[in-house]
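Down below is the structure, laid out as structure tokens.
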Amino acid sequence: MVDLTELMENEVFMAFASYTTIILSKMMFMSTATAFFRLTRKVFANPEDCVGFGKGENAKKYLRTDDKVERVRRAHLNDLENIVPFLGIGLLYSLSGPDLSTAILHFRLFVGARIYHTVAYLTPLPQPNRALAFFLGYGVTFSMAYRLLKSRLYL
């Protein structure tokens, strides 16, 4: 069993915790951005959300989709699809005893790729910007999984 103080002295784990905090904060920002665009553009998905803007038939005009809101929402969904695997695999990887510089490279590349992916999605930048950022982040997670399985394979 690992003592908590021992875990806090693990430099790779602490680096993982730092970069995880950054990427989760970015993901929290995306939910706030979605809410901001919904409110400022008066675009809602549920009838109860329109109450402050009208009732009955008048409220129905706010139940619609908007390109800007959908773009932010899709970027947030893409974060959920990519950050959750990074968290699980990255945690296991960070506890498997990898080289500190290699681990930090993985974490930095992932966080940078996800931030760039968001910028490319929301701006929007022409493809292949977003695709390259996606595949870089995906490749980092795959690389950590491969290294973890290669070094600690218990099948």
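Identifiers in this document derive from the order of the structure tokens: chains are assigned A, B, ..., residues are numbered from 1 separately in each chain, and ligands are numbered from 1 in order of occurrence.
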For A:Phe37: contacts at 10 Å, only C-alpha atoms, fewer than 3 positions along chain excluded, given as a list in words: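 Answer for this query is Thr32, Ala33, Thr34, Thr40, Arg41, Lys42, Val43, Phe44, Asp66, Lys68, Val69, Glu70, Val72 and Arg73 of chain A.
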Atoms to include: N, CA and C atoms. Write the selected residues as a compact mmCIF listing (two decimals), in the first residue's frame.
```
# COMPACT_ATOMS: atom_id res chain seq x y z
N THR A 32 -18.76 26.45 -19.03
CA THR A 32 -19.11 27.85 -18.80
C THR A 32 -19.29 28.59 -20.12
N ALA A 33 -18.42 28.31 -21.08
CA ALA A 33 -18.54 28.94 -22.40
C ALA A 33 -19.83 28.53 -23.09
N THR A 34 -20.21 27.27 -22.96
CA THR A 34 -21.47 26.80 -23.55
C THR A 34 -22.64 27.56 -22.93
N THR A 40 -26.31 34.43 -24.06
CA THR A 40 -26.15 35.64 -24.87
C THR A 40 -26.84 35.54 -26.22
N ARG A 41 -26.98 34.33 -26.74
CA ARG A 41 -27.64 34.14 -28.03
C ARG A 41 -29.09 33.69 -27.86
N LYS A 42 -29.51 33.54 -26.60
CA LYS A 42 -30.89 33.13 -26.26
C LYS A 42 -31.28 31.86 -27.03
N VAL A 43 -30.46 30.84 -26.83
CA VAL A 43 -30.67 29.54 -27.48
C VAL A 43 -30.69 28.48 -26.40
N PHE A 44 -31.81 27.79 -26.28
CA PHE A 44 -31.94 26.81 -25.20
C PHE A 44 -32.41 25.46 -25.74
N ASP A 66 -28.16 26.81 -32.59
CA ASP A 66 -27.38 27.94 -33.09
C ASP A 66 -25.98 27.40 -33.41
N LYS A 68 -23.00 28.74 -33.34
CA LYS A 68 -21.95 29.07 -32.37
C LYS A 68 -22.09 28.23 -31.10
N VAL A 69 -23.31 28.09 -30.61
CA VAL A 69 -23.56 27.28 -29.42
C VAL A 69 -23.19 25.82 -29.69
N GLU A 70 -23.58 25.32 -30.84
CA GLU A 70 -23.28 23.92 -31.18
C GLU A 70 -21.79 23.68 -31.35
N VAL A 72 -19.34 25.27 -29.72
CA VAL A 72 -18.76 25.21 -28.38
C VAL A 72 -19.15 23.89 -27.71
N ARG A 73 -20.39 23.49 -27.86
CA ARG A 73 -20.87 22.24 -27.25
C ARG A 73 -20.13 21.03 -27.80
```
Just list the residues in chain A DSSP gives helix (DSSP H, G or I) on the backbone, as a PyMOL selection string. chain A and resi 4-8+11-41+47-53+57-60+67-94+100-122+129-151
Judged by only C-alpha atoms, the minimum distance to A:Phe13 among A:Ser31, A:Arg71, A:Lys55, A:Phe107 is found for A:Phe107
Give me, as a Markdown table, each residue of stretch 23-42 of chain A that comes within 9 Å of stretch 110-130 of chain A, together with its shortest interatomic pair and the distance in Å at one decimal, counting only C-alpha atoms, with rows ordered by chain and rising residue number.
```
| residue | atom | partner | partner_atom | distance |
| --- | --- | --- | --- | --- |
| A:Ile23 | CA | A:Val111 | CA | 6.1 |
| A:Lys26 | CA | A:Ile115 | CA | 7.6 |
| A:Met30 | CA | A:Thr118 | CA | 8.9 |
```
Can you write just those residues out, N, CA, C and O atoms, as a PDB file, in the first residue's frame?
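To be explicit, this is the file written out as again.pdb:
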```
ATOM      1  N   ILE A  23      -5.847  20.779 -17.415  1.00  0.00           N
ATOM      2  CA  ILE A  23      -6.768  20.303 -18.460  1.00  0.00           C
ATOM      3  C   ILE A  23      -8.203  20.204 -17.951  1.00  0.00           C
ATOM      4  O   ILE A  23      -9.154  20.462 -18.691  1.00  0.00           O
ATOM      5  N   LYS A  26      -9.580  23.691 -17.999  1.00  0.00           N
ATOM      6  CA  LYS A  26      -9.959  24.032 -19.366  1.00  0.00           C
ATOM      7  C   LYS A  26     -11.311  23.421 -19.718  1.00  0.00           C
ATOM      8  O   LYS A  26     -12.167  24.057 -20.328  1.00  0.00           O
ATOM      9  N   MET A  30     -15.061  25.151 -20.681  1.00  0.00           N
ATOM     10  CA  MET A  30     -15.906  24.855 -21.845  1.00  0.00           C
ATOM     11  C   MET A  30     -17.380  24.783 -21.457  1.00  0.00           C
ATOM     12  O   MET A  30     -18.243  25.222 -22.228  1.00  0.00           O
TER      13      MET A  30
END
```
Name the closest residue to A:Ser96 among the candidates A:Ala17, A:Arg74, A:Val84, A:Asn10; distances are taken between atoms, counting only C-alpha atoms.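 Comparing A:Ala17, A:Arg74, A:Val84, A:Asn10 against A:Ser96, the winner is A:Asn10.
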Shell around stretch 141-151 of chain A at 8 Å using only C-alpha atoms, local window under 5 positions removed, as an mmCIF file with C-alpha atoms, in the first residue's frame:
```
data_model
loop_
_atom_site.group_PDB
_atom_site.id
_atom_site.type_symbol
_atom_site.label_atom_id
_atom_site.label_comp_id
_atom_site.auth_asym_id
_atom_site.auth_seq_id
_atom_site.Cartn_x
_atom_site.Cartn_y
_atom_site.Cartn_z
ATOM 1 C CA PRO A 85 -9.154 8.331 -21.160
ATOM 2 C CA PHE A 86 -6.106 10.542 -20.540
ATOM 3 C CA ILE A 89 -4.369 5.978 -18.468
ATOM 4 C CA GLY A 90 -2.241 8.916 -17.306
ATOM 5 C CA LEU A 92 -1.821 4.447 -14.135
ATOM 6 C CA TYR A 93 1.125 5.532 -16.273
ATOM 7 C CA SER A 96 4.162 2.846 -13.118
ATOM 8 C CA HIS A 106 3.590 13.216 -22.603
ATOM 9 C CA PHE A 110 -1.479 16.295 -24.379
#
```
Nearest to A:Arg108 by atom-to-atom distance, counting only C-alpha atoms, from A:Ala75, A:Leu7, A:Asn58, A:Ala15: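 Residue with the minimum atom-to-atom distance to A:Arg108: A:Ala15.
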